[in-house]
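Student: My questions will all concern the structure given below.
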Amino acid sequence: MASHFLLLALLAMAASLAMATDPTQLQDFCVADITSNVFVNGFVCKNPNLVTENDFFFPGLNHPRNTANQLGVNVTAVSVTNLPGLNTLGISIARIDFAPYGLNPPHTHPRATEILVVLEGTLSVGFVTSNPDNKLFAKVLYKGDVFVFPQGLIHFQFNAGHESAVALSGLSSQNPGVITIANSVFGSKPPISDEILAKAFQLDKKTVDLLQAKFWMNN
Ligand SMILES: *[C@@H]1O[C@H](CO)[C@@H](O)[C@H](O)[C@H]1NC(C)=O
């Protein structure tokens, strides 16, 4: 009896683990019909007879993006919304441009592990494990170096050099999602009560109000 229960518990755990990543496809492809008003987990398939090579194509990731913003960073995400052929395939890509000392601020991807390769420049990167350890794994990366950020963990990338930097990231979801920590906490709409944030961050309400009045980039 006890061993049956253990087996069931293990099976349940395995099932919930499998559901933590994008489901596998049941056909060669299911190009997203972005305009459909049927709502499913992902997107419904475009008629396969109308699918063309352009549904699997996204040009121009070689072009540098404009980094003239408060963080000095520009993330070009190529996911299911701008590359519909990615629907059901469990993968996407992003180009990240950094101005000198540009920062991709602490954020998490709720649905994806990220694997990053530095194409140009020097990046100081890191991620923090979950409670209770909250251990920081950090490293300085140079051109050609690869680093992986495990799914769901808070991570960042900082251009530690005085030249521009460029990285490419592969992500294990067609729709990784981004939660930028500062923007989520201090820039929510409507705002979280300053009483709650003051207690949570050990600040006085005035400091919280000041933080909430700022503009937070949500890249
Ligand atoms: C990123 O770059 C593109 C093109 O260079 C620009 O249109 C866009 O506004 C930039 N985004 C940010 C957040 O600076």
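By order in the structure tokens, chains are A, B, ...; within a chain, residues start at 1; ligands start at 1, following the order shown.
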If you run DSSP on this backbone, which residues of stretch 87-162 of chain A come out as strand (DSSP E), and could you give them as JSON, numbers by chain?
Tutor: {"A": [92, 93, 94, 95, 96, 97, 98, 103, 104, 105, 106, 107, 108, 114, 115, 116, 117, 118, 119, 120, 122, 123, 124, 125, 126, 127, 128, 136, 137, 138, 139, 140, 141, 142, 146, 147, 148, 149, 154, 155, 156, 157, 158, 159]}
Student: Find the residues near ligand 1. Use a cut-off of 10 Å, count only C-alpha atoms and all ligand atoms, and write them as an MDAnalysis selection string.
Tutor: chainID A and resid 63:76 96:97 217:219
Student: Hey, can you spit out that residue selection with C-alpha atoms as an mmCIF file, in the first residue's frame?
Tutor:
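Below you can see selection.cif, which holds the result:
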```cif
data_model
loop_
_atom_site.group_PDB
_atom_site.id
_atom_site.type_symbol
_atom_site.label_atom_id
_atom_site.label_comp_id
_atom_site.auth_asym_id
_atom_site.auth_seq_id
_atom_site.Cartn_x
_atom_site.Cartn_y
_atom_site.Cartn_z
ATOM 1 C CA HIS A 63 21.303 44.472 -37.280
ATOM 2 C CA PRO A 64 22.391 46.333 -34.127
ATOM 3 C CA ARG A 65 19.438 47.737 -32.167
ATOM 4 C CA ASN A 66 19.149 51.189 -30.640
ATOM 5 C CA THR A 67 20.377 51.142 -27.025
ATOM 6 C CA ALA A 68 19.792 54.846 -26.266
ATOM 7 C CA ASN A 69 17.542 54.248 -23.236
ATOM 8 C CA GLN A 70 17.959 54.479 -19.460
ATOM 9 C CA LEU A 71 19.419 50.964 -19.134
ATOM 10 C CA GLY A 72 21.478 50.931 -22.332
ATOM 11 C CA VAL A 73 19.982 47.641 -23.482
ATOM 12 C CA ASN A 74 17.717 46.453 -26.283
ATOM 13 C CA VAL A 75 16.266 42.940 -26.366
ATOM 14 C CA THR A 76 14.934 41.722 -29.720
ATOM 15 C CA ILE A 96 20.509 41.437 -26.859
ATOM 16 C CA ASP A 97 22.369 44.663 -27.628
ATOM 17 C CA MET A 217 11.761 49.573 -18.344
ATOM 18 C CA ASN A 218 10.037 46.240 -18.939
ATOM 19 C CA ASN A 219 12.402 44.781 -21.517
#
```
Student: Return as CSV the residues of stretch 74-138 of chain A lying at most 10 Å from stretch 143-167 of chain A, together with the closest atom-to-atom pair for each and the distance in Å to one decimal, counting only C-alpha atoms, with rows in chain order and ascending residue number.
Tutor:
```
residue,atom,partner,partner_atom,distance
A:Asn74,CA,A:Val166,CA,9.8
A:Val75,CA,A:Ala167,CA,9.6
A:Ala94,CA,A:Ala167,CA,8.3
A:Arg95,CA,A:Ala167,CA,5.9
A:Ile96,CA,A:Ala167,CA,5.2
A:Asp97,CA,A:Val166,CA,4.7
A:Phe98,CA,A:Ala165,CA,5.0
A:Ala99,CA,A:Ser164,CA,4.8
A:Pro100,CA,A:His162,CA,4.7
A:Tyr101,CA,A:Asn159,CA,4.7
A:Gly102,CA,A:Asn159,CA,5.3
A:Leu103,CA,A:Phe158,CA,4.5
A:Asn104,CA,A:Gln157,CA,5.1
A:Pro105,CA,A:Phe156,CA,5.3
A:Pro106,CA,A:Phe156,CA,4.6
A:His107,CA,A:Ile154,CA,5.2
A:Thr108,CA,A:Ile154,CA,4.7
A:His109,CA,A:Gly152,CA,5.3
A:Pro110,CA,A:Gly152,CA,4.8
A:Arg111,CA,A:Gln151,CA,6.6
A:Ala112,CA,A:Gln151,CA,4.9
A:Thr113,CA,A:Gln151,CA,3.9
A:Glu114,CA,A:Phe149,CA,5.1
A:Ile115,CA,A:Val148,CA,4.4
A:Leu116,CA,A:Phe147,CA,5.3
A:Val117,CA,A:Val146,CA,4.4
A:Val118,CA,A:Ala167,CA,4.4
A:Leu119,CA,A:Ala167,CA,5.3
A:Glu120,CA,A:Ala165,CA,4.9
A:Gly121,CA,A:Ala165,CA,4.2
A:Thr122,CA,A:Gly161,CA,5.6
A:Leu123,CA,A:Asn159,CA,4.6
A:Ser124,CA,A:Phe158,CA,5.0
A:Val125,CA,A:Gln157,CA,4.4
A:Gly126,CA,A:His155,CA,5.5
A:Phe127,CA,A:His155,CA,4.0
A:Val128,CA,A:Ile154,CA,5.7
A:Thr129,CA,A:Leu153,CA,6.3
A:Ser130,CA,A:Leu153,CA,7.0
A:Asn134,CA,A:Ile154,CA,9.9
A:Leu136,CA,A:His155,CA,9.2
A:Phe137,CA,A:His155,CA,9.3
A:Ala138,CA,A:His155,CA,9.3
```
Student: Take the residues from that selection and write them out as a tab-separated table (two decimals), in the first residue's frame, keeping N, CA and C atoms.
Tutor:
```tsv
chain	number	residue	atom	x	y	z
A	74	ASN	N	18.85	46.65	-25.38
A	74	ASN	CA	17.72	46.45	-26.28
A	74	ASN	C	17.60	44.96	-26.58
A	75	VAL	N	16.49	44.38	-26.16
A	75	VAL	CA	16.27	42.94	-26.37
A	75	VAL	C	15.32	42.76	-27.56
A	94	ALA	N	16.63	35.26	-28.96
A	94	ALA	CA	16.63	36.71	-28.76
A	94	ALA	C	18.02	37.25	-29.02
A	95	ARG	N	18.07	38.47	-29.57
A	95	ARG	CA	19.32	39.21	-29.69
A	95	ARG	C	19.31	40.26	-28.59
A	96	ILE	N	20.43	40.41	-27.90
A	96	ILE	CA	20.51	41.44	-26.86
A	96	ILE	C	21.67	42.36	-27.18
A	97	ASP	N	21.35	43.64	-27.38
A	97	ASP	CA	22.37	44.66	-27.63
A	97	ASP	C	22.61	45.45	-26.35
A	98	PHE	N	23.88	45.69	-26.06
A	98	PHE	CA	24.24	46.45	-24.86
A	98	PHE	C	25.08	47.66	-25.26
A	99	ALA	N	24.71	48.84	-24.79
A	99	ALA	CA	25.59	50.01	-24.88
A	99	ALA	C	26.74	49.76	-23.90
A	100	PRO	N	27.84	50.53	-23.97
A	100	PRO	CA	28.85	50.42	-22.92
A	100	PRO	C	28.20	50.60	-21.55
A	101	TYR	N	28.44	49.69	-20.64
A	101	TYR	CA	27.85	49.67	-19.29
A	101	TYR	C	26.33	49.51	-19.30
A	102	GLY	N	25.82	49.01	-20.38
A	102	GLY	CA	24.38	48.73	-20.46
A	102	GLY	C	24.02	47.52	-19.59
A	103	LEU	N	22.79	47.52	-19.09
A	103	LEU	CA	22.35	46.47	-18.17
A	103	LEU	C	21.02	45.86	-18.61
A	104	ASN	N	20.99	44.55	-18.72
A	104	ASN	CA	19.72	43.82	-18.81
A	104	ASN	C	19.40	43.47	-17.36
A	105	PRO	N	18.44	44.19	-16.74
A	105	PRO	CA	18.28	44.17	-15.28
A	105	PRO	C	17.72	42.83	-14.79
A	106	PRO	N	17.82	42.57	-13.48
A	106	PRO	CA	17.33	41.30	-12.93
A	106	PRO	C	15.90	40.99	-13.39
A	107	HIS	N	15.75	39.80	-13.97
A	107	HIS	CA	14.45	39.37	-14.50
A	107	HIS	C	14.41	37.85	-14.52
A	108	THR	N	13.23	37.28	-14.75
A	108	THR	CA	13.13	35.83	-14.92
A	108	THR	C	12.24	35.53	-16.13
A	109	HIS	N	12.46	34.34	-16.69
A	109	HIS	CA	11.57	33.83	-17.73
A	109	HIS	C	10.77	32.70	-17.10
A	110	PRO	N	9.47	32.93	-16.85
A	110	PRO	CA	8.69	31.92	-16.12
A	110	PRO	C	8.60	30.58	-16.85
A	111	ARG	N	8.77	30.59	-18.19
A	111	ARG	CA	8.54	29.35	-18.94
A	111	ARG	C	9.78	28.84	-19.68
A	112	ALA	N	10.99	29.38	-19.40
A	112	ALA	CA	12.13	28.93	-20.22
A	112	ALA	C	13.47	28.99	-19.51
A	113	THR	N	14.28	27.99	-19.84
A	113	THR	CA	15.71	28.07	-19.58
A	113	THR	C	16.33	28.88	-20.72
A	114	GLU	N	17.39	29.63	-20.41
A	114	GLU	CA	18.04	30.46	-21.43
A	114	GLU	C	19.49	30.06	-21.59
A	115	ILE	N	19.94	29.89	-22.83
A	115	ILE	CA	21.36	29.62	-23.09
A	115	ILE	C	21.89	30.76	-23.95
A	116	LEU	N	22.93	31.46	-23.45
A	116	LEU	CA	23.40	32.70	-24.05
A	116	LEU	C	24.81	32.55	-24.59
A	117	VAL	N	25.06	33.11	-25.76
A	117	VAL	CA	26.41	33.15	-26.30
A	117	VAL	C	26.79	34.60	-26.57
A	118	VAL	N	27.98	34.99	-26.14
A	118	VAL	CA	28.46	36.37	-26.36
A	118	VAL	C	29.07	36.45	-27.76
A	119	LEU	N	28.53	37.36	-28.59
A	119	LEU	CA	29.07	37.53	-29.95
A	119	LEU	C	30.12	38.62	-29.99
A	120	GLU	N	29.91	39.68	-29.19
A	120	GLU	CA	30.84	40.81	-29.12
A	120	GLU	C	30.86	41.34	-27.70
A	121	GLY	N	32.04	41.71	-27.20
A	121	GLY	CA	32.13	42.42	-25.93
A	121	GLY	C	32.33	41.51	-24.74
A	122	THR	N	32.12	42.09	-23.56
A	122	THR	CA	32.37	41.43	-22.28
A	122	THR	C	31.12	41.60	-21.42
A	123	LEU	N	30.56	40.50	-20.93
A	123	LEU	CA	29.35	40.58	-20.12
A	123	LEU	C	29.60	39.98	-18.74
A	124	SER	N	29.14	40.71	-17.73
A	124	SER	CA	29.16	40.20	-16.37
A	124	SER	C	27.75	39.68	-16.08
A	125	VAL	N	27.61	38.36	-15.93
A	125	VAL	CA	26.27	37.77	-15.83
A	125	VAL	C	26.13	36.99	-14.53
A	126	GLY	N	24.88	36.72	-14.15
A	126	GLY	CA	24.67	35.89	-12.97
A	126	GLY	C	23.22	35.51	-12.79
A	127	PHE	N	23.02	34.46	-11.99
A	127	PHE	CA	21.66	34.11	-11.56
A	127	PHE	C	21.68	33.72	-10.10
A	128	VAL	N	20.52	33.78	-9.45
A	128	VAL	CA	20.40	33.50	-8.03
A	128	VAL	C	19.45	32.31	-7.85
A	129	THR	N	19.85	31.35	-7.03
A	129	THR	CA	19.00	30.18	-6.80
A	129	THR	C	17.82	30.56	-5.90
A	130	SER	N	16.84	29.66	-5.84
A	130	SER	CA	15.64	29.93	-5.06
A	130	SER	C	15.92	29.79	-3.56
A	134	ASN	N	19.50	31.10	-1.97
A	134	ASN	CA	19.69	32.35	-2.72
A	134	ASN	C	21.16	32.56	-3.07
A	136	LEU	N	24.29	33.14	-5.39
A	136	LEU	CA	24.58	33.81	-6.66
A	136	LEU	C	25.65	33.04	-7.42
A	137	PHE	N	25.35	32.70	-8.67
A	137	PHE	CA	26.34	32.13	-9.58
A	137	PHE	C	26.64	33.21	-10.61
A	138	ALA	N	27.86	33.76	-10.61
A	138	ALA	CA	28.18	34.89	-11.47
A	138	ALA	C	29.48	34.64	-12.20
```
Student: Distance atom CA of A:Thr52-atom CA of A:Ile93, one decimal place?
Tutor: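 Value for the atom CA of A:Thr52-atom CA of A:Ile93 distance: 20.6 Å.
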Student: In Å to one decimal, how far is atom CA of A:Trp216 from atom CA of A:Thr180?
Tutor: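 Separation between atom CA of A:Thr180 and atom CA of A:Trp216: 8.9 Å.
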